[in-house]
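Trainee: A single structure is presented below for examination.
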Amino acid sequence: MVCALGAAVCFGTATVLQAVAARAAGTPDGSGGEAALLLRAVRQWRYLAGLGLDGLGFVLQIVALRSIPIYAVGAALASSLAVTAVVAARLLRVRLSGAEWGAVGVVCAGLAMLGVASGTEGDLDGPPALKWVMLGVAVGVLLLGLAGGRLAGRWRALVLGLGAGVGFGVVEVAVRLIDSLAPSSLLTHPATYALLLGGGAAFLCLTSALQRGSVTTATAAMVIGETVGPALVGVVWLGDRTREGLGWLAVLGFAVAVAGALGLARFGEAPASGGGAGEGADRARSAGASG
């Protein structure tokens, strides 16, 4: 659980650092295009530090997924929105409303309940077809990301955000399905390719959703997609359980943590100024490292 929370801190902080670097790299008239903006941003230590935190967060995420149930890791990673909100309030001088500070407290309360109730990770491998299903889902998310530019109106952010969440969920499940880190095993295991495709496809969907859609809608859909589905897979097929007699507390903690994260959905993209949305998507994080 410490690793899962550490990953959330890394991802949430990286979002703000990359947003600060992107703001500093921008030109007053907005000229130069995205490629030029990226080239200027990567010359700044804050952007590079953010990338380093993304990488560290992904490593911590893998360690957590190999140690505790998926539902606990998913809820902890969703809490990175709370980290982004708090760090943005400090570094970007974003003013949080009373409700948003309350949401940060709700996330912390939910994670505390999960920490008490979570058991060890399940020891089941799941049905043989599960790894192929995950690969198929990853391919589907990739196709959705490639076709996402054709979606219009309010459905764009919702559908692509949900697709991003499903892609990140594939990464979470795939990590559990990989039973050996030997190169020969990794190269022949469908879950390896599900992890890579799922993470890349999720990044593509999220980028497209945030490009011309609502940050709040996309992030809320992503949080749902990356927490609920993988949690069910872990419980139903991979043997994830809670401490004896504390199943109710785990369910409550999961629901509370996710609800708090949804309340902070506007921080799925770090604010560029007080009250606005800026550059740097939060869960471009594990996509950048994986995911």
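Just so we're on the same page: first chain in the structure tokens is A, next is B, and so on; residues restart at 1 for each chain, and ligands are numbered from 1 in the order they show up.
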Fewer than 3 positions away in the same chain doesn't count, so skip those; otherwise give me all residues within 8 Å of Ala250 of chain A, counting only C-alpha atoms, as a short mmCIF file (atom, residue, chain, number, x, y, z; two decimals) with N, CA and C atoms, in the first residue's frame.
Mentor:
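The resulting file, around29.cif, is reproduced below:
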```cif
data_model
loop_
_atom_site.label_atom_id
_atom_site.label_comp_id
_atom_site.auth_asym_id
_atom_site.auth_seq_id
_atom_site.Cartn_x
_atom_site.Cartn_y
_atom_site.Cartn_z
N MET A 113 -9.40 3.51 5.07
CA MET A 113 -10.26 2.33 5.23
C MET A 113 -9.75 1.16 4.40
N LEU A 114 -9.31 1.46 3.17
CA LEU A 114 -8.77 0.40 2.32
C LEU A 114 -7.50 -0.18 2.91
N ALA A 117 -8.49 -2.61 5.57
CA ALA A 117 -9.27 -3.78 5.16
C ALA A 117 -8.60 -4.66 4.12
N SER A 118 -7.63 -4.13 3.38
CA SER A 118 -7.05 -4.90 2.27
C SER A 118 -6.26 -6.10 2.77
N THR A 242 -10.20 -9.57 1.09
CA THR A 242 -9.96 -8.60 2.15
C THR A 242 -9.57 -9.34 3.43
N LEU A 246 -13.71 -7.97 7.08
CA LEU A 246 -13.63 -6.54 6.76
C LEU A 246 -13.98 -6.26 5.30
N GLY A 247 -14.69 -7.17 4.66
CA GLY A 247 -15.09 -6.94 3.28
C GLY A 247 -15.93 -5.68 3.12
N GLY A 253 -14.51 1.78 1.67
CA GLY A 253 -13.32 2.58 1.43
C GLY A 253 -13.08 2.81 -0.05
N PHE A 254 -13.30 1.77 -0.86
CA PHE A 254 -13.13 1.88 -2.31
C PHE A 254 -14.10 2.92 -2.86
#
```
Trainee: Residues near Thr13 of chain A, anyone? I mean within 9 Å using only C-alpha atoms, not counting same-chain ones fewer than 3 positions away, as a PyMOL selection string.
Mentor: chain A and resi 8-10+16-18+50+53+80+83-84+87-88
Trainee: Residues as selected, all heavy atoms, written as a short mmCIF file (atom, residue, chain, number, x, y, z; two decimals), in the first residue's frame, can you do that?
Mentor:
```
data_model
loop_
_atom_site.label_atom_id
_atom_site.label_comp_id
_atom_site.auth_asym_id
_atom_site.auth_seq_id
_atom_site.Cartn_x
_atom_site.Cartn_y
_atom_site.Cartn_z
N ALA A 8 1.01 7.28 -6.42
CA ALA A 8 0.04 8.37 -6.54
C ALA A 8 0.71 9.72 -6.31
O ALA A 8 0.45 10.70 -7.02
CB ALA A 8 -1.11 8.18 -5.56
N VAL A 9 1.59 9.79 -5.32
CA VAL A 9 2.31 11.03 -5.04
C VAL A 9 3.21 11.41 -6.22
O VAL A 9 3.27 12.57 -6.63
CB VAL A 9 3.14 10.90 -3.75
CG1 VAL A 9 4.07 12.10 -3.58
CG2 VAL A 9 2.23 10.77 -2.54
N CYS A 10 3.89 10.42 -6.78
CA CYS A 10 4.77 10.68 -7.93
C CYS A 10 3.97 11.19 -9.12
O CYS A 10 4.32 12.20 -9.74
CB CYS A 10 5.51 9.40 -8.32
SG CYS A 10 6.82 8.91 -7.18
N VAL A 16 1.85 18.44 -12.04
CA VAL A 16 2.01 19.87 -11.78
C VAL A 16 3.36 20.37 -12.29
O VAL A 16 3.44 21.44 -12.89
CB VAL A 16 1.85 20.16 -10.27
CG1 VAL A 16 2.02 21.65 -10.00
CG2 VAL A 16 0.49 19.70 -9.78
N LEU A 17 4.42 19.61 -12.05
CA LEU A 17 5.74 20.03 -12.54
C LEU A 17 5.75 20.18 -14.05
O LEU A 17 6.31 21.15 -14.59
CB LEU A 17 6.80 19.01 -12.11
CG LEU A 17 7.14 18.97 -10.62
CD1 LEU A 17 8.13 17.85 -10.33
CD2 LEU A 17 7.73 20.31 -10.16
N GLN A 18 5.12 19.24 -14.75
CA GLN A 18 5.08 19.32 -16.21
C GLN A 18 4.21 20.48 -16.67
O GLN A 18 4.49 21.12 -17.69
CB GLN A 18 4.60 17.99 -16.78
CG GLN A 18 5.65 16.90 -16.61
CD GLN A 18 5.08 15.50 -16.79
OE1 GLN A 18 3.87 15.32 -16.91
NE2 GLN A 18 5.96 14.50 -16.80
N GLY A 50 9.53 15.81 -13.76
CA GLY A 50 8.21 15.19 -13.87
C GLY A 50 8.27 13.85 -14.57
O GLY A 50 7.63 12.88 -14.15
N LEU A 53 9.66 11.34 -12.19
CA LEU A 53 8.65 10.92 -11.22
C LEU A 53 7.64 9.98 -11.87
O LEU A 53 7.16 9.03 -11.22
CB LEU A 53 7.93 12.14 -10.65
CG LEU A 53 8.72 12.96 -9.63
CD1 LEU A 53 7.96 14.23 -9.27
CD2 LEU A 53 9.01 12.13 -8.38
N SER A 80 -4.23 10.19 -6.98
CA SER A 80 -3.22 11.13 -7.49
C SER A 80 -3.85 12.47 -7.85
O SER A 80 -3.18 13.50 -7.87
CB SER A 80 -2.49 10.54 -8.70
OG SER A 80 -3.38 10.37 -9.79
N VAL A 83 -3.46 14.58 -4.92
CA VAL A 83 -2.09 15.09 -4.84
C VAL A 83 -1.91 16.27 -5.80
O VAL A 83 -1.34 17.31 -5.43
CB VAL A 83 -1.07 13.97 -5.17
CG1 VAL A 83 0.35 14.52 -5.17
CG2 VAL A 83 -1.20 12.82 -4.18
N THR A 84 -2.40 16.11 -7.03
CA THR A 84 -2.30 17.19 -8.00
C THR A 84 -2.98 18.45 -7.49
O THR A 84 -2.46 19.56 -7.63
CB THR A 84 -2.95 16.76 -9.34
OG1 THR A 84 -2.22 15.65 -9.88
CG2 THR A 84 -2.92 17.90 -10.35
N VAL A 87 -0.80 20.00 -4.60
CA VAL A 87 0.45 20.57 -5.11
C VAL A 87 0.17 21.78 -6.00
O VAL A 87 0.90 22.78 -5.96
CB VAL A 87 1.26 19.50 -5.88
CG1 VAL A 87 2.53 20.11 -6.48
CG2 VAL A 87 1.63 18.36 -4.95
N ALA A 88 -0.91 21.71 -6.80
CA ALA A 88 -1.26 22.85 -7.65
C ALA A 88 -1.63 24.06 -6.80
O ALA A 88 -1.32 25.20 -7.15
CB ALA A 88 -2.42 22.47 -8.57
#
```
Trainee: As a PyMOL selection string, which residues of segment 100-192 of chain A does DSSP assign to alpha helix (DSSP H)?
Mentor: chain A and resi 100-117+130-147+155-177+183-188+190-192
Trainee: Write out as JSON lines a residue-level contact list of segment 20-133 of chain A versus segment 215-229 of chain A with cut-off 7 Å: for each qualifying residue the closest pair of atoms and the distance in Å to one decimal, counting only C-alpha atoms, rows sorted by chain and residue number upward.
Mentor:
```
{"residue": "A:Tyr71", "atom": "CA", "partner": "A:Thr227", "partner_atom": "CA", "distance": 6.7}
{"residue": "A:Gly74", "atom": "CA", "partner": "A:Thr227", "partner_atom": "CA", "distance": 5.0}
{"residue": "A:Ala75", "atom": "CA", "partner": "A:Thr227", "partner_atom": "CA", "distance": 6.4}
{"residue": "A:Ala78", "atom": "CA", "partner": "A:Val223", "partner_atom": "CA", "distance": 6.3}
```
Trainee: Got time to write the residues from that selection, N, CA and C atoms, as a JSON list (two decimals), in the first residue's frame?
Mentor:
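Full text of part.json as output:
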```json
[["chain", "number", "residue", "atom", "x", "y", "z"],
["A", 71, "TYR", "N", -7.97, -3.77, -6.45],
["A", 71, "TYR", "CA", -8.90, -2.72, -6.05],
["A", 71, "TYR", "C", -8.23, -1.67, -5.17],
["A", 74, "GLY", "N", -5.89, 0.45, -7.56],
["A", 74, "GLY", "CA", -6.67, 1.35, -8.41],
["A", 74, "GLY", "C", -7.18, 2.56, -7.66],
["A", 75, "ALA", "N", -7.69, 2.35, -6.46],
["A", 75, "ALA", "CA", -8.20, 3.47, -5.66],
["A", 75, "ALA", "C", -7.06, 4.41, -5.27],
["A", 78, "ALA", "N", -6.06, 6.51, -8.25],
["A", 78, "ALA", "CA", -7.04, 7.57, -8.51],
["A", 78, "ALA", "C", -6.82, 8.75, -7.57]]
```
Trainee: Near Tyr47 of chain A, counting only C-alpha atoms, which residues have an atom at most 9 Å away, once you skip same-chain residues fewer than 3 positions from it, shown as a ChimeraX atom specification?
Mentor: /A:14,17-22,41-44,50-52
Trainee: Taking only C-alpha atoms into account, produce a table as JSON lines in which each residue of segment 114-138 of chain A with an atom at most 12 Å from an atom of segment 148-168 of chain A appears once, together with its shortest atom pair and the distance in Å to one decimal, ordered by chain and rising number.
Mentor:
```
{"residue": "A:Met134", "atom": "CA", "partner": "A:Gly167", "partner_atom": "CA", "distance": 9.4}
{"residue": "A:Leu135", "atom": "CA", "partner": "A:Gly167", "partner_atom": "CA", "distance": 10.2}
{"residue": "A:Gly136", "atom": "CA", "partner": "A:Gly167", "partner_atom": "CA", "distance": 11.0}
{"residue": "A:Val137", "atom": "CA", "partner": "A:Gly167", "partner_atom": "CA", "distance": 7.8}
{"residue": "A:Ala138", "atom": "CA", "partner": "A:Gly167", "partner_atom": "CA", "distance": 6.1}
```
Trainee: Could you save those same residues with C-alpha atoms as a short mmCIF file (atom, residue, chain, number, x, y, z; two decimals), in the first residue's frame?
Mentor:
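Written out: selection-v1.cif:
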```cif
data_model
loop_
_atom_site.label_atom_id
_atom_site.label_comp_id
_atom_site.auth_asym_id
_atom_site.auth_seq_id
_atom_site.Cartn_x
_atom_site.Cartn_y
_atom_site.Cartn_z
CA MET A 134 -6.96 -8.37 -22.06
CA LEU A 135 -4.98 -8.23 -25.31
CA GLY A 136 -8.22 -7.97 -27.29
CA VAL A 137 -9.48 -5.16 -25.04
CA ALA A 138 -6.17 -3.32 -25.47
#
```
Trainee: For Val116 of chain A, which residue out of A:Asp54, A:Val94, A:Leu48, A:Leu252 is the nearest one, using only C-alpha atoms?
Mentor: A:Leu252
Trainee: Show which residues sit within 8 Å of Leu5 of chain A, as a list in words. Count only C-alpha atoms, and ignore same-chain residues fewer than 4 positions away.
Mentor: Met1, Val9, Ala76 and Leu77 of chain A
Trainee: In Å, rounded to a single decimal, give me how far atom CA of Ala270 of chain A is from atom CA of Leu210 of chain A.
Mentor: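 Between these atoms lies a distance of 11.4 Å.
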Trainee: As an mmCIF file with N, CA and C atoms, in the first residue's frame, please: the residues near Ser180 of chain A (cut-off 10 Å, only C-alpha atoms, same-chain neighbours under 5 positions excluded).
Mentor:
```cif
data_model
loop_
_atom_site.group_PDB
_atom_site.id
_atom_site.type_symbol
_atom_site.label_atom_id
_atom_site.label_comp_id
_atom_site.auth_asym_id
_atom_site.auth_seq_id
_atom_site.Cartn_x
_atom_site.Cartn_y
_atom_site.Cartn_z
ATOM 1 N N SER A 185 10.135 -15.432 -21.341
ATOM 2 C CA SER A 185 8.730 -15.536 -20.947
ATOM 3 C C SER A 185 7.960 -14.275 -21.313
ATOM 4 N N LEU A 186 8.574 -13.116 -21.083
ATOM 5 C CA LEU A 186 7.901 -11.861 -21.385
ATOM 6 C C LEU A 186 7.578 -11.734 -22.871
ATOM 7 N N HIS A 189 4.483 -13.931 -23.784
ATOM 8 C CA HIS A 189 3.273 -13.856 -22.966
ATOM 9 C C HIS A 189 2.338 -12.780 -23.531
#
```
